[in-house]
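Participant: File start_3.csv follows (CSV, C-alpha atoms):
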chain,number,residue,atom,x,y,z
B,1,MET,CA,95.7,-1.9,-15.6
B,2,ASN,CA,98.7,-3.1,-17.6
B,3,ASP,CA,98.7,-5.5,-20.5
B,4,ALA,CA,99.2,-8.7,-18.6
B,5,GLN,CA,96.4,-7.9,-16.2
B,6,ILE,CA,94.0,-7.2,-19.1
B,7,ARG,CA,95.0,-10.5,-20.7
B,8,ARG,CA,94.4,-12.3,-17.5
B,9,PHE,CA,91.0,-10.7,-17.0
B,10,LYS,CA,90.0,-11.6,-20.6
B,11,LEU,CA,91.1,-15.2,-20.0
B,12,LEU,CA,88.9,-15.4,-16.9
B,13,GLY,CA,86.0,-14.0,-18.8
B,14,GLN,CA,86.5,-16.6,-21.6
B,15,LEU,CA,86.7,-19.4,-19.0
B,16,PHE,CA,83.5,-18.2,-17.5
B,17,GLY,CA,81.8,-18.0,-20.9
B,18,VAL,CA,82.9,-21.5,-21.9
B,19,PHE,CA,81.9,-23.2,-18.6
B,20,ILE,CA,78.6,-21.5,-18.2
B,21,ARG,CA,77.6,-22.9,-21.5
B,22,ILE,CA,78.8,-26.4,-20.7
B,23,GLY,CA,77.0,-26.4,-17.3
B,24,PRO,CA,73.4,-26.8,-18.4
B,25,SER,CA,74.4,-29.6,-20.8
B,26,THR,CA,75.5,-31.9,-18.0
B,27,PHE,CA,72.1,-33.6,-18.1
B,28,GLY,CA,72.8,-37.2,-17.8
B,29,GLY,CA,76.2,-37.1,-16.2
B,30,GLY,CA,79.6,-35.7,-16.1
B,31,TYR,CA,81.2,-38.0,-18.5
B,32,SER,CA,79.0,-37.1,-21.4
B,33,MET,CA,80.2,-33.6,-20.8
B,34,ILE,CA,83.9,-34.5,-21.3
B,35,THR,CA,83.4,-34.9,-25.0
B,36,MET,CA,82.0,-31.4,-25.0
B,37,ILE,CA,84.8,-30.0,-22.9
B,38,GLU,CA,87.3,-31.6,-25.3
B,39,GLU,CA,85.6,-30.0,-28.3
B,40,GLU,CA,85.7,-26.5,-26.7
B,41,ILE,CA,89.1,-26.6,-24.9
B,42,VAL,CA,91.2,-28.7,-27.3
B,43,HIS,CA,89.7,-28.1,-30.7
B,44,LYS,CA,88.1,-24.6,-30.6
B,45,LYS,CA,90.2,-22.7,-28.1
B,46,GLY,CA,93.4,-24.7,-28.3
B,47,TRP,CA,94.0,-24.2,-24.6
B,48,MET,CA,95.1,-27.7,-24.0
B,49,ASN,CA,96.3,-30.8,-25.9
B,50,GLU,CA,95.0,-34.3,-26.0
B,51,GLU,CA,97.5,-35.5,-23.4
B,52,GLU,CA,96.5,-32.9,-20.9
B,53,MET,CA,92.9,-33.9,-21.5
B,54,GLY,CA,93.7,-37.5,-20.6
B,55,GLU,CA,95.3,-36.3,-17.4
B,56,MET,CA,92.2,-34.2,-16.7
B,57,VAL,CA,89.9,-37.3,-17.1
B,58,THR,CA,92.0,-39.3,-14.7
B,59,ILE,CA,92.1,-36.5,-12.0
B,60,ALA,CA,88.4,-35.6,-12.5
B,61,GLY,CA,87.4,-39.3,-12.1
B,62,SER,CA,89.6,-40.0,-9.0
B,63,ALA,CA,89.2,-36.9,-6.9
B,64,PRO,CA,86.1,-36.8,-4.8
B,65,GLY,CA,83.1,-34.9,-6.3
B,66,GLY,CA,81.5,-34.5,-9.6
B,67,VAL,CA,83.3,-35.1,-12.9
B,68,ALA,CA,82.0,-31.8,-14.2
B,69,VAL,CA,83.1,-29.7,-11.2
B,70,ASN,CA,86.5,-31.5,-11.1
B,71,SER,CA,87.2,-31.0,-14.8
B,72,SER,CA,86.4,-27.3,-14.7
B,73,ALA,CA,88.6,-26.8,-11.6
B,74,PHE,CA,91.4,-28.6,-13.3
B,75,ILE,CA,91.2,-26.6,-16.5
B,76,GLY,CA,90.6,-23.3,-14.8
B,77,TYR,CA,93.6,-23.9,-12.5
B,78,ARG,CA,95.9,-24.9,-15.4
B,79,LEU,CA,95.0,-21.9,-17.4
B,80,ALA,CA,94.7,-19.1,-14.8
B,81,GLY,CA,95.7,-20.4,-11.4
B,82,ILE,CA,93.5,-20.5,-8.3
B,83,LEU,CA,91.3,-17.6,-9.5
B,84,GLY,CA,90.8,-19.5,-12.8
B,85,ALA,CA,89.7,-22.6,-11.0
B,86,VAL,CA,87.2,-20.6,-8.8
B,87,THR,CA,85.9,-18.9,-11.9
B,88,ALA,CA,85.4,-22.1,-13.9
B,89,VAL,CA,83.7,-23.9,-11.0
B,90,PHE,CA,81.5,-21.0,-10.3
B,91,ALA,CA,80.5,-20.8,-14.0
B,92,ILE,CA,79.7,-24.5,-14.3
B,93,THR,CA,77.7,-24.6,-11.1
B,94,LEU,CA,75.6,-21.5,-11.5
B,95,PRO,CA,73.2,-22.7,-14.2
B,96,THR,CA,72.6,-26.0,-12.4
B,97,PHE,CA,72.0,-24.1,-9.2
B,98,MET,CA,69.4,-21.9,-10.8
B,99,ILE,CA,67.7,-24.9,-12.4
B,100,VAL,CA,67.5,-26.8,-9.2
B,101,PHE,CA,66.3,-23.7,-7.5
B,102,LEU,CA,63.5,-23.2,-10.0
B,103,LEU,CA,62.5,-26.9,-9.7
B,104,SER,CA,62.3,-26.5,-6.0
B,105,LEU,CA,60.1,-23.4,-6.3
B,106,LEU,CA,57.9,-25.2,-8.8
B,107,SER,CA,57.5,-28.2,-6.5
B,108,THR,CA,56.5,-25.9,-3.6
B,109,ILE,CA,53.8,-24.4,-5.8
B,110,PHE,CA,52.5,-27.8,-7.0
B,111,LYS,CA,53.2,-29.6,-3.8
B,112,ASP,CA,49.7,-31.0,-3.3
B,113,ASN,CA,49.1,-31.6,-7.0
B,114,GLU,CA,48.4,-35.3,-7.6
B,115,LYS,CA,50.0,-35.3,-11.1
B,116,MET,CA,53.2,-33.8,-9.7
B,117,THR,CA,53.4,-36.5,-7.1
B,118,ALA,CA,52.8,-39.2,-9.7
B,119,ALA,CA,55.4,-37.7,-12.0
B,120,LEU,CA,58.0,-37.6,-9.2
B,121,GLN,CA,57.2,-41.2,-8.4
B,122,GLY,CA,57.8,-42.1,-12.1
B,123,ILE,CA,61.1,-40.2,-12.1
B,124,HIS,CA,62.1,-41.9,-8.9
B,125,ALA,CA,61.7,-45.3,-10.5
B,126,SER,CA,63.8,-44.3,-13.5
B,127,ILE,CA,66.5,-42.9,-11.2
B,128,VAL,CA,66.7,-46.3,-9.6
B,129,ALA,CA,67.3,-47.7,-13.1
B,130,LEU,CA,70.0,-45.1,-13.7
B,131,ILE,CA,71.6,-46.0,-10.4
B,132,ILE,CA,71.6,-49.7,-11.4
B,133,VAL,CA,73.3,-48.8,-14.7
B,134,ALA,CA,75.9,-46.8,-12.7
B,135,ALA,CA,76.5,-49.7,-10.4
B,136,CYS,CA,77.1,-52.0,-13.4
B,137,LYS,CA,79.6,-49.7,-15.0
B,138,MET,CA,81.4,-49.1,-11.7
B,139,TRP,CA,81.4,-52.8,-11.1
B,140,LYS,CA,83.2,-53.4,-14.5
B,141,SER,CA,86.0,-51.0,-13.6
B,142,SER,CA,86.4,-52.1,-10.0
B,143,ILE,CA,85.9,-55.8,-9.6
B,144,LEU,CA,89.2,-57.2,-10.9
B,145,ASP,CA,89.7,-60.3,-8.8
B,146,THR,CA,88.3,-62.2,-5.8
B,147,ALA,CA,89.7,-59.7,-3.3
B,148,THR,CA,87.8,-56.8,-4.9
B,149,LEU,CA,84.7,-58.9,-5.2
B,150,LEU,CA,84.9,-59.7,-1.5
B,151,ILE,CA,85.4,-56.0,-0.6
B,152,ALA,CA,82.4,-55.0,-2.6
B,153,ALA,CA,80.3,-57.8,-1.2
B,154,SER,CA,81.2,-57.0,2.4
B,155,ALA,CA,80.5,-53.3,1.8
B,156,VAL,CA,77.0,-54.2,0.6
B,157,PHE,CA,76.5,-56.7,3.5
B,158,LEU,CA,77.6,-54.2,6.1
B,159,LEU,CA,75.3,-51.4,4.7
B,160,LEU,CA,72.3,-53.7,4.5
B,161,PHE,CA,72.6,-55.5,7.8
B,162,THR,CA,74.4,-53.2,10.1
B,163,ASP,CA,74.2,-49.6,11.1
B,164,ILE,CA,77.6,-48.7,9.8
B,165,HIS,CA,78.3,-45.2,8.7
B,166,SER,CA,79.4,-45.1,5.0
B,167,LEU,CA,82.2,-42.7,6.0
B,168,TYR,CA,84.0,-45.6,7.7
B,169,LEU,CA,83.6,-47.8,4.5
B,170,ILE,CA,85.1,-45.0,2.4
B,171,LEU,CA,88.0,-44.7,4.8
B,172,GLY,CA,88.4,-48.4,5.1
B,173,GLY,CA,88.5,-49.1,1.4
B,174,PRO,CA,92.0,-47.7,0.7
B,175,LEU,CA,93.3,-49.5,3.8
B,176,ALA,CA,91.8,-52.8,2.6
B,177,GLY,CA,93.3,-52.2,-0.8
B,178,ILE,CA,96.8,-51.5,0.6
B,179,ALA,CA,96.6,-54.6,2.8
B,180,VAL,CA,95.5,-56.8,0.0
B,181,ILE,CA,98.2,-55.6,-2.4
B,182,LEU,CA,100.9,-56.0,0.3
B,183,CYS,CA,99.7,-59.5,1.1
B,184,LYS,CA,99.7,-60.4,-2.6
B,185,ARG,CA,103.2,-59.0,-3.1
B,186,GLN,CA,104.4,-61.0,0.0
B,187,LEU,CA,102.9,-64.2,-1.4
B,188,GLY,CA,104.4,-63.4,-4.8
B,189,MET,CA,101.1,-63.3,-6.6
B,190,ALA,CA,100.5,-61.2,-9.7
B,191,VAL,CA,98.9,-57.8,-8.9
B,192,ARG,CA,96.9,-55.7,-11.1
B,193,THR,CA,95.5,-52.6,-9.5
B,194,GLU,CA,93.7,-51.2,-12.5
B,195,LYS,CA,91.6,-52.3,-15.4
B,196,PRO,CA,93.7,-52.4,-18.5
B,197,PRO,CA,92.8,-49.5,-20.7
B,198,SER,CA,89.9,-50.2,-23.0
B,199,GLU,CA,90.5,-50.7,-26.7
B,200,ASP,CA,87.5,-48.6,-27.5
B,201,LYS,CA,88.2,-45.0,-26.6
B,202,ARG,CA,84.5,-44.2,-26.5
B,203,GLU,CA,84.2,-46.4,-23.5
B,204,LEU,CA,86.2,-43.9,-21.4
B,205,HIS,CA,83.7,-41.1,-22.3
B,206,TYR,CA,80.7,-43.2,-21.7
B,207,PRO,CA,80.7,-44.6,-18.2
B,208,GLU,CA,78.2,-42.3,-16.8
B,209,TYR,CA,78.2,-43.6,-13.3
B,210,TYR,CA,78.3,-40.1,-12.2
B,211,ILE,CA,75.0,-38.4,-12.8
E,1,MET,CA,72.0,-23.7,11.2
E,2,LEU,CA,73.9,-22.3,8.2
E,3,TRP,CA,77.2,-23.4,9.8
E,4,GLN,CA,75.8,-26.9,10.3
E,5,LEU,CA,74.7,-27.1,6.7
E,6,PHE,CA,78.1,-26.0,5.6
E,7,ILE,CA,80.0,-28.5,7.8
E,8,VAL,CA,77.7,-31.5,6.9
E,9,PHE,CA,78.0,-30.9,3.1
E,10,LEU,CA,81.7,-30.1,3.4
E,11,LYS,CA,82.1,-33.6,4.9
E,12,VAL,CA,80.0,-35.2,2.2
E,13,GLY,CA,82.0,-33.4,-0.5
E,14,LEU,CA,85.2,-34.6,0.9
E,15,VAL,CA,84.3,-38.3,0.6
E,16,SER,CA,82.2,-38.2,-2.5
E,17,PHE,CA,84.5,-40.6,-4.4
E,18,GLY,CA,83.0,-42.1,-7.5
E,19,GLY,CA,80.4,-39.5,-7.8
E,20,GLY,CA,77.0,-38.6,-6.5
E,21,TYR,CA,75.2,-41.9,-6.2
E,22,ALA,CA,77.7,-43.3,-3.8
E,23,VAL,CA,77.1,-40.5,-1.3
E,24,LEU,CA,73.3,-40.4,-1.5
E,25,THR,CA,73.1,-42.8,1.4
E,26,LEU,CA,75.5,-40.6,3.4
E,27,ILE,CA,73.5,-37.5,2.7
E,28,GLN,CA,70.3,-39.2,3.7
E,29,ARG,CA,71.9,-40.3,6.9
E,30,GLU,CA,73.4,-37.0,7.8
E,31,ALA,CA,70.2,-35.1,6.9
E,32,GLY,CA,67.9,-37.6,8.4
E,33,GLY,CA,69.8,-37.8,11.6
E,34,ARG,CA,69.4,-34.0,12.1
E,35,GLY,CA,65.7,-34.1,11.3
E,36,TRP,CA,66.1,-32.2,8.0
E,37,THR,CA,64.3,-34.8,5.9
E,38,ASP,CA,62.5,-38.1,6.4
E,39,LEU,CA,62.9,-41.0,3.9
E,40,GLU,CA,59.9,-39.9,1.8
E,41,GLU,CA,61.0,-36.3,1.6
E,42,PHE,CA,64.5,-37.5,0.7
E,43,GLN,CA,63.2,-39.7,-2.1
E,44,GLU,CA,61.5,-36.6,-3.6
E,45,VAL,CA,64.7,-34.7,-3.2
E,46,VAL,CA,66.5,-37.4,-5.1
E,47,ALA,CA,63.9,-37.5,-7.9
E,48,MET,CA,64.2,-33.7,-8.3
E,49,ALA,CA,68.0,-33.7,-8.0
E,50,GLY,CA,68.1,-36.3,-10.8
E,51,MET,CA,65.9,-34.2,-13.1
E,52,ALA,CA,68.3,-31.2,-13.1
E,53,PRO,CA,71.6,-31.3,-14.9
E,54,GLY,CA,74.8,-31.7,-13.0
E,55,SER,CA,75.7,-33.9,-10.0
E,56,ILE,CA,72.9,-35.5,-8.2
E,57,ALA,CA,74.7,-35.0,-4.9
E,58,THR,CA,75.3,-31.3,-5.4
E,59,ASN,CA,71.7,-30.8,-6.5
E,60,ALA,CA,70.5,-32.7,-3.4
E,61,ALA,CA,72.6,-30.4,-1.3
E,62,THR,CA,71.1,-27.3,-2.9
E,63,LEU,CA,67.6,-28.6,-2.4
E,64,ILE,CA,68.1,-29.6,1.3
E,65,GLY,CA,69.9,-26.3,2.0
E,66,TYR,CA,67.0,-24.4,0.5
E,67,SER,CA,64.3,-26.3,2.4
E,68,GLU,CA,66.2,-25.8,5.7
E,69,ALA,CA,67.4,-22.2,5.4
E,70,GLY,CA,66.1,-20.6,2.2
E,71,ILE,CA,68.3,-19.3,-0.5
E,72,LEU,CA,71.3,-18.6,1.7
E,73,GLY,CA,71.0,-22.2,2.9
E,74,ALA,CA,71.0,-23.4,-0.7
E,75,ILE,CA,74.1,-21.4,-1.5
E,76,ILE,CA,76.0,-22.5,1.7
E,77,ALA,CA,75.2,-26.2,1.2
E,78,THR,CA,76.2,-26.0,-2.5
E,79,VAL,CA,79.5,-24.3,-1.7
E,80,GLY,CA,80.1,-26.8,1.1
E,81,ILE,CA,79.8,-29.8,-1.1
E,82,ILE,CA,81.9,-28.3,-4.0
E,83,LEU,CA,84.7,-26.7,-2.0
E,84,PRO,CA,86.6,-30.0,-1.2
E,85,SER,CA,86.6,-30.9,-4.9
E,86,LEU,CA,87.9,-27.5,-5.8
E,87,ILE,CA,90.7,-27.6,-3.3
E,88,LEU,CA,91.7,-31.3,-3.9
E,89,VAL,CA,91.8,-30.9,-7.6
E,90,ILE,CA,94.1,-27.9,-7.3
E,91,LEU,CA,96.3,-29.9,-4.9
E,92,ILE,CA,96.3,-33.0,-7.1
E,93,SER,CA,97.0,-31.2,-10.3
E,94,SER,CA,100.0,-29.5,-8.7
E,95,PHE,CA,101.5,-32.8,-7.6
E,96,PHE,CA,99.9,-35.0,-10.2
E,97,LEU,CA,102.9,-36.4,-11.9
E,98,ARG,CA,104.5,-37.5,-8.7
E,99,LEU,CA,101.3,-39.0,-7.4
E,100,HIS,CA,99.8,-40.7,-10.4
E,101,ASN,CA,102.1,-43.7,-10.5
E,102,ASN,CA,102.6,-44.1,-6.8
E,103,ALA,CA,102.0,-47.7,-5.7
E,104,TRP,CA,100.3,-46.7,-2.5
E,105,ILE,CA,97.8,-44.5,-4.3
E,106,LYS,CA,97.1,-47.2,-6.8
E,107,SER,CA,96.6,-49.8,-4.0
E,108,SER,CA,94.3,-47.3,-2.2
E,109,PHE,CA,92.1,-46.9,-5.3
E,110,TYR,CA,92.2,-50.7,-5.9
E,111,GLY,CA,90.4,-51.0,-2.5
E,112,LEU,CA,88.3,-47.9,-2.7
E,113,ARG,CA,86.7,-48.6,-6.0
E,114,PRO,CA,84.9,-51.8,-4.9
E,115,ILE,CA,83.6,-49.9,-1.8
E,116,VAL,CA,82.2,-47.2,-4.1
E,117,THR,CA,80.6,-50.0,-6.2
E,118,GLY,CA,79.0,-51.4,-3.0
E,119,LEU,CA,77.7,-48.0,-2.0
E,120,ILE,CA,76.1,-47.5,-5.4
E,121,ILE,CA,74.5,-51.0,-5.2
E,122,TYR,CA,73.2,-50.2,-1.8
E,123,ALA,CA,71.8,-46.9,-3.0
E,124,ALA,CA,69.9,-48.7,-5.7
E,125,VAL,CA,68.5,-51.3,-3.3
E,126,HIS,CA,67.7,-48.6,-0.7
E,127,PHE,CA,65.9,-46.2,-3.0
E,128,GLY,CA,64.3,-48.9,-5.1
E,129,PHE,CA,62.9,-51.0,-2.3
E,130,GLY,CA,63.1,-48.7,0.7
E,131,ARG,CA,59.4,-48.1,0.8
E,132,LEU,CA,58.2,-51.6,-0.1
E,133,GLY,CA,57.8,-52.7,3.5
E,134,ASP,CA,54.4,-51.2,3.9
E,135,ALA,CA,53.0,-52.0,0.5
E,136,ALA,CA,54.2,-55.4,-0.7
E,137,LEU,CA,52.2,-55.9,-3.8
E,138,SER,CA,50.4,-52.6,-4.5
E,139,TRP,CA,49.7,-51.1,-7.9
E,140,THR,CA,52.3,-48.4,-7.1
E,141,MET,CA,55.0,-51.0,-6.7
E,142,VAL,CA,54.1,-52.8,-9.9
E,143,GLY,CA,54.1,-49.5,-11.7
E,144,MET,CA,57.5,-48.5,-10.3
E,145,LEU,CA,59.0,-51.9,-11.3
E,146,LEU,CA,57.6,-51.5,-14.8
E,147,ILE,CA,59.0,-48.0,-15.1
E,148,CYS,CA,62.3,-49.1,-13.7
E,149,ALA,CA,62.6,-52.0,-16.1
E,150,GLY,CA,61.5,-49.9,-19.0
E,151,SER,CA,64.1,-47.2,-18.2
E,152,LEU,CA,66.8,-49.9,-17.8
E,153,ALA,CA,66.0,-51.2,-21.3
E,154,LEU,CA,65.9,-47.8,-22.9
E,155,VAL,CA,69.2,-46.7,-21.4
E,156,THR,CA,71.2,-49.9,-21.9
E,157,LYS,CA,69.6,-51.4,-25.0
E,158,TYR,CA,68.5,-48.5,-27.1
E,159,LYS,CA,71.0,-45.9,-25.7
E,160,VAL,CA,68.4,-43.3,-25.1
E,161,HIS,CA,69.7,-40.3,-23.4
E,162,PRO,CA,69.2,-40.5,-19.6
E,163,PHE,CA,67.4,-37.1,-19.6
E,164,ALA,CA,64.9,-38.3,-22.2
E,165,VAL,CA,64.3,-41.4,-20.1
E,166,ILE,CA,63.6,-39.3,-17.0
E,167,LEU,CA,61.1,-37.2,-18.9
E,168,LEU,CA,59.4,-40.3,-20.3
E,169,SER,CA,59.2,-41.8,-16.8
E,170,ALA,CA,57.5,-38.6,-15.5
E,171,VAL,CA,54.8,-39.0,-18.1
E,172,ALA,CA,54.6,-42.7,-17.3
E,173,GLY,CA,54.2,-41.9,-13.7
E,174,ILE,CA,51.3,-39.5,-14.4
E,175,VAL,CA,49.6,-42.1,-16.6
E,176,LEU,CA,50.1,-45.0,-14.2
E,177,PHE,CA,49.5,-43.5,-10.8
Mind turning the file's structure into structure tokens?
Facilitator:
Amino acid sequence: MNDAQIRRFKLLGQLFGVFIRIGPSTFGGGYSMITMIEEEIVHKKGWMNEEEMGEMVTIAGSAPGGVAVNSSAFIGYRLAGILGAVTAVFAITLPTFMIVFLLSLLSTIFKDNEKMTAALQGIHASIVALIIVAACKMWKSSILDTATLLIAASAVFLLLFTDIHSLYLILGGPLAGIAVILCKRQLGMAVRTEKPPSEDKRELHYPEYYI
Amino acid sequence: MLWQLFIVFLKVGLVSFGGGYAVLTLIQREAGGRGWTDLEEFQEVVAMAGMAPGSIATNAATLIGYSEAGILGAIIATVGIILPSLILVILISSFFLRLHNNAWIKSSFYGLRPIVTGLIIYAAVHFGFGRLGDAALSWTMVGMLLICAGSLALVTKYKVHPFAVILLSAVAGIVLF
């Protein structure tokens, strides 16, 4: 092995080490983890600067999938190419996978335990609460005008009262967005496609709609 | 079986914009349609997936994969749901600067975000009131509403960490039911 290879190997090892520690702390959502990633990657390791972190948050939030997995893929790729991305994603997923696996084993053992069923029912109720919080936060960043309100309302209507597959809604959303924006431009109306950046920087780190 | 698990969760992963809650309905439909889980089993899966760290959708994939095809199934389902994110993030970060300020991309997200909001609202309604049909005003329902309202207050008003709230609700569940 030459020097460059050794350095690369070391970097992969470090990436693995950082993300395997961040993985289990993603309790309560990907966004709470971004502060942690920033601390490790920007301040401790100095692998990236603040600007690149901002870029990461945008990509991690807009690509499909979890914020945690997306951020680790982004950082791994920037630092060590495709192998780096795979290493970082593997490291962040592994602990969660093991925990879920353990939970699953435990639940098989206590399957007919009344207390276990009751506890799961309680958790179910609080997850509904967390979903409601997520919906509110997502609402704030997505409902910008009447058109977006109508799109959201028709999505809920279609899901509740028809048998529509949510895949079609996800595919239809961008089309509706493009159509609305084109119409508005045609009519000479003011268009705003994004929420203006919040004054409070913490806000960006807090919307845990992804849990 | 393994191949089917992989394909289903690959598809879910590809469209999981806005995170896990928005695709719970999709997972339920795909898994339910293939006879992997019924609604009640799925609600247990969601409760357990929410308890573990990380994305609720990925955790649900792991759990469903495990119950269908053991540990190999769990691995295959997890890889399936994560793979699209990995590939897309690599693609996007290679072309990011060109894409980010593109008007078409912005318009697409302008339309996509309200849809994601709608999906999350539906997930709340569906998982919150999905089972109410058969027991309109039972003790269980009152208890669930109490826990739900209590959790809402704790998370929004007192900024309690979601994981602490989940643990508290498990205790509340044992006490109430």
Participant: One number please: atom CA of E:Leu91 to atom CA of B:Ala73, in Å, one decimal.
Facilitator: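 Those two atoms sit 10.7 Å apart.
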Participant: List every residue of stretch 39-133 of chain E that has an atom at most 10 Å from any atom of stretch 87-106 of chain B, and for each one report the closest atom pair and its distance in Å to one decimal, counting only C-alpha atoms, with rows sorted by chain and then by increasing residue number, as a Markdown table.
Facilitator:
| residue | atom | partner | partner_atom | distance |
| --- | --- | --- | --- | --- |
| E:Val45 | CA | B:Ser104 | CA | 9.0 |
| E:Met48 | CA | B:Leu103 | CA | 7.1 |
| E:Ala49 | CA | B:Val100 | CA | 7.0 |
| E:Gly50 | CA | B:Val100 | CA | 9.7 |
| E:Met51 | CA | B:Val100 | CA | 8.5 |
| E:Ala52 | CA | B:Val100 | CA | 5.9 |
| E:Pro53 | CA | B:Thr96 | CA | 5.9 |
| E:Gly54 | CA | B:Thr96 | CA | 6.1 |
| E:Ser55 | CA | B:Thr96 | CA | 8.8 |
| E:Thr58 | CA | B:Phe97 | CA | 8.8 |
| E:Asn59 | CA | B:Val100 | CA | 6.4 |
| E:Ala60 | CA | B:Val100 | CA | 8.8 |
| E:Thr62 | CA | B:Phe97 | CA | 7.1 |
| E:Leu63 | CA | B:Ser104 | CA | 6.7 |
| E:Ile64 | CA | B:Ser104 | CA | 9.8 |
| E:Tyr66 | CA | B:Phe101 | CA | 8.1 |
| E:Ser67 | CA | B:Ser104 | CA | 8.6 |
| E:Ile71 | CA | B:Phe101 | CA | 8.5 |
| E:Ala74 | CA | B:Phe101 | CA | 8.3 |
| E:Ile75 | CA | B:Phe97 | CA | 8.4 |
| E:Thr78 | CA | B:Phe97 | CA | 8.1 |
| E:Val79 | CA | B:Phe90 | CA | 9.4 |
| E:Ile82 | CA | B:Val89 | CA | 8.5 |
| E:Leu83 | CA | B:Val89 | CA | 9.5 |
| E:Ser85 | CA | B:Val89 | CA | 9.7 |
| E:Leu86 | CA | B:Val89 | CA | 7.6 |
Participant: For a test of reading the model, state the distance in Å between atom CA of E:Ala153 and atom CA of E:Ala124, rounded to one decimal.
Facilitator: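 One can read the atom CA of E:Ala153 to atom CA of E:Ala124 distance as 16.3 Å.
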Participant: May I ask for the distance between atom CA of B:Ile22 and atom CA of E:Val89, given in Å to one decimal place?
Facilitator: 19.0 Å
Participant: May I ask you to extract the residues of chain B within 6 Å of chain E, using only C-alpha atoms, and to give them as a ChimeraX atom specification?
Facilitator: /B:24,26-28,64-66,73,96,100,115,118-119,122-126,128-129,131,135,138-139,142,148,152,155-156,173-174,176-178,193,210-211
Participant: Give me the residues near stretch 35-38 of chain B as a count of residues only, where near means some atom within 9 Å (using only C-alpha atoms) and where sequence neighbours in that chain fewer than 3 positions away do not count.
Facilitator: 16
Participant: If we count only C-alpha atoms and set the cut-off at 9 Å, which residues sit around B:Gly84, ignoring sequence neighbours fewer than 4 positions away in its own chain? Please answer as a list of chain:residue names.
Facilitator: B:Leu11, B:Leu12, B:Leu15, B:Phe16, B:Ala73, B:Ile75, B:Gly76, B:Tyr77, B:Arg78, B:Leu79, B:Ala80, B:Ala88, B:Val89
Participant: Next, dump the selected residues to file, keeping only C-alpha atoms, as a JSON list (two decimals), keeping the file's coordinate frame.
Facilitator:
[["chain", "number", "residue", "atom", "x", "y", "z"],
["B", 11, "LEU", "CA", 91.10, -15.20, -20.00],
["B", 12, "LEU", "CA", 88.90, -15.40, -16.90],
["B", 15, "LEU", "CA", 86.70, -19.40, -19.00],
["B", 16, "PHE", "CA", 83.50, -18.20, -17.50],
["B", 73, "ALA", "CA", 88.60, -26.80, -11.60],
["B", 75, "ILE", "CA", 91.20, -26.60, -16.50],
["B", 76, "GLY", "CA", 90.60, -23.30, -14.80],
["B", 77, "TYR", "CA", 93.60, -23.90, -12.50],
["B", 78, "ARG", "CA", 95.90, -24.90, -15.40],
["B", 79, "LEU", "CA", 95.00, -21.90, -17.40],
["B", 80, "ALA", "CA", 94.70, -19.10, -14.80],
["B", 88, "ALA", "CA", 85.40, -22.10, -13.90],
["B", 89, "VAL", "CA", 83.70, -23.90, -11.00]]
Participant: Quick one: stretch 63-71 of chain B with N, CA, C and O atoms, as a PDB file, keeping the file's coordinate frame?
Facilitator:
ATOM      1  N   ALA B  63      89.388 -37.789  -8.062  1.00  0.00           N
ATOM      2  CA  ALA B  63      89.200 -36.900  -6.900  1.00  0.00           C
ATOM      3  C   ALA B  63      87.735 -36.985  -6.487  1.00  0.00           C
ATOM      4  O   ALA B  63      86.872 -37.309  -7.289  1.00  0.00           O
ATOM      5  N   PRO B  64      87.469 -36.722  -5.207  1.00  0.00           N
ATOM      6  CA  PRO B  64      86.100 -36.800  -4.800  1.00  0.00           C
ATOM      7  C   PRO B  64      85.282 -35.660  -5.464  1.00  0.00           C
ATOM      8  O   PRO B  64      85.835 -34.617  -5.798  1.00  0.00           O
ATOM      9  N   GLY B  65      83.995 -35.931  -5.666  1.00  0.00           N
ATOM     10  CA  GLY B  65      83.100 -34.900  -6.300  1.00  0.00           C
ATOM     11  C   GLY B  65      82.780 -35.214  -7.690  1.00  0.00           C
ATOM     12  O   GLY B  65      83.185 -36.237  -8.234  1.00  0.00           O
ATOM     13  N   GLY B  66      82.009 -34.319  -8.277  1.00  0.00           N
ATOM     14  CA  GLY B  66      81.500 -34.500  -9.600  1.00  0.00           C
ATOM     15  C   GLY B  66      82.549 -34.374 -10.683  1.00  0.00           C
ATOM     16  O   GLY B  66      83.445 -33.563 -10.557  1.00  0.00           O
ATOM     17  N   VAL B  67      82.405 -35.160 -11.752  1.00  0.00           N
ATOM     18  CA  VAL B  67      83.300 -35.100 -12.900  1.00  0.00           C
ATOM     19  C   VAL B  67      83.305 -33.654 -13.468  1.00  0.00           C
ATOM     20  O   VAL B  67      84.341 -33.084 -13.805  1.00  0.00           O
ATOM     21  N   ALA B  68      82.121 -33.079 -13.563  1.00  0.00           N
ATOM     22  CA  ALA B  68      82.000 -31.800 -14.200  1.00  0.00           C
ATOM     23  C   ALA B  68      82.750 -30.702 -13.380  1.00  0.00           C
ATOM     24  O   ALA B  68      83.554 -29.950 -13.935  1.00  0.00           O
ATOM     25  N   VAL B  69      82.494 -30.683 -12.083  1.00  0.00           N
ATOM     26  CA  VAL B  69      83.100 -29.700 -11.200  1.00  0.00           C
ATOM     27  C   VAL B  69      84.668 -29.922 -11.220  1.00  0.00           C
ATOM     28  O   VAL B  69      85.455 -28.978 -11.354  1.00  0.00           O
ATOM     29  N   ASN B  70      85.062 -31.182 -11.112  1.00  0.00           N
ATOM     30  CA  ASN B  70      86.500 -31.500 -11.100  1.00  0.00           C
ATOM     31  C   ASN B  70      87.203 -31.082 -12.368  1.00  0.00           C
ATOM     32  O   ASN B  70      88.298 -30.521 -12.320  1.00  0.00           O
ATOM     33  N   SER B  71      86.581 -31.372 -13.505  1.00  0.00           N
ATOM     34  CA  SER B  71      87.200 -31.000 -14.800  1.00  0.00           C
ATOM     35  C   SER B  71      87.360 -29.499 -14.896  1.00  0.00           C
ATOM     36  O   SER B  71      88.394 -28.999 -15.341  1.00  0.00           O
TER      37      SER B  71
END
